[in-house]
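S.K.: Handing you a structure now.
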Amino acid sequence: MDKIRRVLLVGGTHGNELTGIYLIRRFQHAPQLISRPSFETITLLSNLEAIAAGVRYVDQDMNRCCDRAHLELPEPVDYEVRRAQEINRRFGPSGSTPADVILDIHSTTSNMGMTLILDDHHPFKLRLAAALSAQQPDLRIYSSANSGRQQDALRSLGRFGICLEVGPVAQGVLQADLFQRTEALVQQILDVLNQQNRDEPLPTVQPVTTQPVTTQPVTMQPLTVYQYLGTMPYPRDTEGQITAMIHPHLQGRDYKSLNPGDPIFLSLTGETLLYTGETVVFPVFINEAAYYEKDIAMVLTQRHDLQVDFAETL
């Protein structure tokens, strides 16, 4: 695989997610923080009108309109579509300065902690995720493969698209601890990309063993991935009004197991609704504020424990 030549750091795809917006502004004022010797790093504030208005989007969700149908509209009316076309003309595969890696920085009202989102299981992305997990054991890896995000998200415009989700933090709020943790993770991502480019050893988890330590490099690395299964809607009445909310026992339990028979919703009349699925799942994006309009109460995932080969050639 060709080496990474250009990395695009993006904030403000949603104009009320301040962590990414202000982090990009910080990097724009101090570009030396994101400079690496083996590739060019560029910053971008994507949804400028939504940022100015302090809203998620102006006309439509920009992170859902980067698919071919929207990008090929001849005279789009919606601002986000026009802006997506502009970004594609510059950073897309056939753009003037195509991005090899697009890292889109988001925040969420859900208790997602530090989450890296992969839209596919390309070995390059899995190695990146495993190397980061070796340094940050509390980093979560969510795979949105088969969810359609590989086709319509802004990050899909790059050869390798990656997303950071950081939370919980309220919309329109800048929270110092999460800002600092996000900046540190972005720095680690750039470091690992630089190490891969230069064929340097990646961070690894050393196996626990009673055998004498050898100088042989550790090649197989553990990685836990939470794989997208589908979404769970809110209970609604015949008029489309929500009739139940996330149960208190489930609130804030992103990445925790949800077992058949566990409480999942609490109705407005006080009735507990139970999870009726037949298998254990791991919900994420629980009670995300921006997903009410999409009728998504949570995203259901399945946990997979993988082994990633660091010895393979990139």
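Every chain in the structure tokens takes a letter, A first, then B, and so on in the order presented; its residues are numbered from 1, and the ligands are numbered from 1 following the presented order.
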Sorted by chain and rising residue number, which residues of segment 136-208 of chain A lie within 10 Å of segment 288-297 of chain A, and what are their closest atom pairs and distances in Å to one decimal, counting only C-alpha atoms, as a Markdown table?

M.R.:
| residue | atom | partner | partner_atom | distance |
| --- | --- | --- | --- | --- |
| A:Pro168 | CA | A:Glu288 | CA | 9.2 |
| A:Ala170 | CA | A:Ala289 | CA | 8.6 |
| A:Gln171 | CA | A:Ala289 | CA | 8.3 |

S.K.: May I have the selected residues written with N, CA, C and O atoms, as a CSV table (one decimal), in the first residue's frame?

M.R.:
chain,number,residue,atom,x,y,z
A,168,PRO,N,-19.7,11.7,27.7
A,168,PRO,CA,-20.8,12.6,27.3
A,168,PRO,C,-20.5,14.0,27.5
A,168,PRO,O,-19.8,14.4,28.5
A,170,ALA,N,-22.7,17.9,26.7
A,170,ALA,CA,-23.9,18.5,26.1
A,170,ALA,C,-23.6,19.2,24.8
A,170,ALA,O,-22.5,19.7,24.6
A,171,GLN,N,-24.6,19.3,24.0
A,171,GLN,CA,-24.5,20.1,22.7
A,171,GLN,C,-24.2,21.5,23.1
A,171,GLN,O,-24.8,22.1,24.0

S.K.: Quick one: distance from atom CA of Ser94 of chain A to atom CA of Glu40 of chain A in Å, one decimal?

M.R.: 17.7 Å

S.K.: How close does each residue of segment 152-210 of chain A get to segment 51-68 of chain A, giving the shortest atom pair and distance in Å to one decimal for every residue with an atom at most 12 Å away, counting only C-alpha atoms, sorted by chain and residue number, as CSV?

M.R.:
residue,atom,partner,partner_atom,distance
A:Asp152,CA,A:Asp67,CA,4.2
A:Ala153,CA,A:Asn63,CA,4.5
A:Leu154,CA,A:Asn63,CA,5.4
A:Arg155,CA,A:Asn63,CA,8.3
A:Ser156,CA,A:Cys66,CA,7.4
A:Leu157,CA,A:Cys66,CA,7.3
A:Gly158,CA,A:Cys66,CA,11.0
A:Cys163,CA,A:Asn63,CA,11.0
A:Gln171,CA,A:Arg56,CA,8.6
A:Gly172,CA,A:Gly54,CA,6.9
A:Val173,CA,A:Gly54,CA,10.4

S.K.: Only C-alpha atoms, please: the residues just picked out, written as a compact mmCIF listing (two decimals), in the first residue's frame.

M.R.:
# COMPACT_ATOMS: atom_id res chain seq x y z
CA ASP A 152 -22.58 8.96 3.25
CA ALA A 153 -20.37 10.27 6.09
CA LEU A 154 -17.96 13.13 5.48
CA ARG A 155 -15.06 10.87 6.43
CA SER A 156 -15.97 8.59 3.53
CA LEU A 157 -14.47 11.19 1.18
CA GLY A 158 -10.97 10.06 2.21
CA CYS A 163 -14.26 9.20 13.30
CA GLN A 171 -24.46 20.08 22.74
CA GLY A 172 -23.04 23.58 22.57
CA VAL A 173 -20.75 22.96 25.56

S.K.: Record the distance separating atom CA of Asn146 of chain A and atom CA of His121 of chain A, expressed in Å with one decimal.

M.R.: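 Separation of atom CA of Asn146 of chain A and atom CA of His121 of chain A: 10.9 Å.
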
S.K.: List as a PDB file with N, CA and C atoms, in the first residue's frame the protein and nucleic acid residues near segment 248-255 of chain A, meaning an atom at most 7 Å away when only C-alpha atoms are counted, but skip any in the same chain fewer than 6 places from it.

M.R.:
ATOM      1  N   SER A 110     -24.106  10.932  24.668  1.00  0.00           N
ATOM      2  CA  SER A 110     -24.095   9.590  25.248  1.00  0.00           C
ATOM      3  C   SER A 110     -22.777   9.332  25.967  1.00  0.00           C
ATOM      4  N   ASN A 111     -22.794   8.348  26.845  1.00  0.00           N
ATOM      5  CA  ASN A 111     -21.613   8.015  27.639  1.00  0.00           C
ATOM      6  C   ASN A 111     -20.690   7.085  26.847  1.00  0.00           C
ATOM      7  N   MET A 112     -20.159   7.617  25.745  1.00  0.00           N
ATOM      8  CA  MET A 112     -19.327   6.817  24.843  1.00  0.00           C
ATOM      9  C   MET A 112     -17.856   6.866  25.202  1.00  0.00           C
ATOM     10  N   PRO A 263     -34.262  -4.361  31.939  1.00  0.00           N
ATOM     11  CA  PRO A 263     -35.040  -3.137  31.682  1.00  0.00           C
ATOM     12  C   PRO A 263     -34.390  -2.320  30.576  1.00  0.00           C
ATOM     13  N   ILE A 264     -35.229  -1.794  29.672  1.00  0.00           N
ATOM     14  CA  ILE A 264     -34.705  -1.004  28.563  1.00  0.00           C
ATOM     15  C   ILE A 264     -35.402   0.351  28.442  1.00  0.00           C
ATOM     16  N   PHE A 282     -24.698  -5.134  23.087  1.00  0.00           N
ATOM     17  CA  PHE A 282     -23.976  -4.068  23.776  1.00  0.00           C
ATOM     18  C   PHE A 282     -24.412  -2.731  23.166  1.00  0.00           C
ATOM     19  N   PRO A 283     -25.334  -2.024  23.816  1.00  0.00           N
ATOM     20  CA  PRO A 283     -25.832  -0.774  23.237  1.00  0.00           C
ATOM     21  C   PRO A 283     -24.792   0.342  23.303  1.00  0.00           C
ATOM     22  N   VAL A 284     -24.815   1.184  22.296  1.00  0.00           N
ATOM     23  CA  VAL A 284     -24.013   2.408  22.267  1.00  0.00           C
ATOM     24  C   VAL A 284     -24.910   3.551  21.792  1.00  0.00           C
ATOM     25  N   PHE A 285     -24.415   4.764  21.906  1.00  0.00           N
ATOM     26  CA  PHE A 285     -25.213   5.956  21.569  1.00  0.00           C
ATOM     27  C   PHE A 285     -26.567   5.916  22.285  1.00  0.00           C
ATOM     28  N   ILE A 286     -26.544   5.507  23.552  1.00  0.00           N
ATOM     29  CA  ILE A 286     -27.783   5.428  24.324  1.00  0.00           C
ATOM     30  C   ILE A 286     -28.287   6.827  24.623  1.00  0.00           C
TER      31      ILE A 286
END
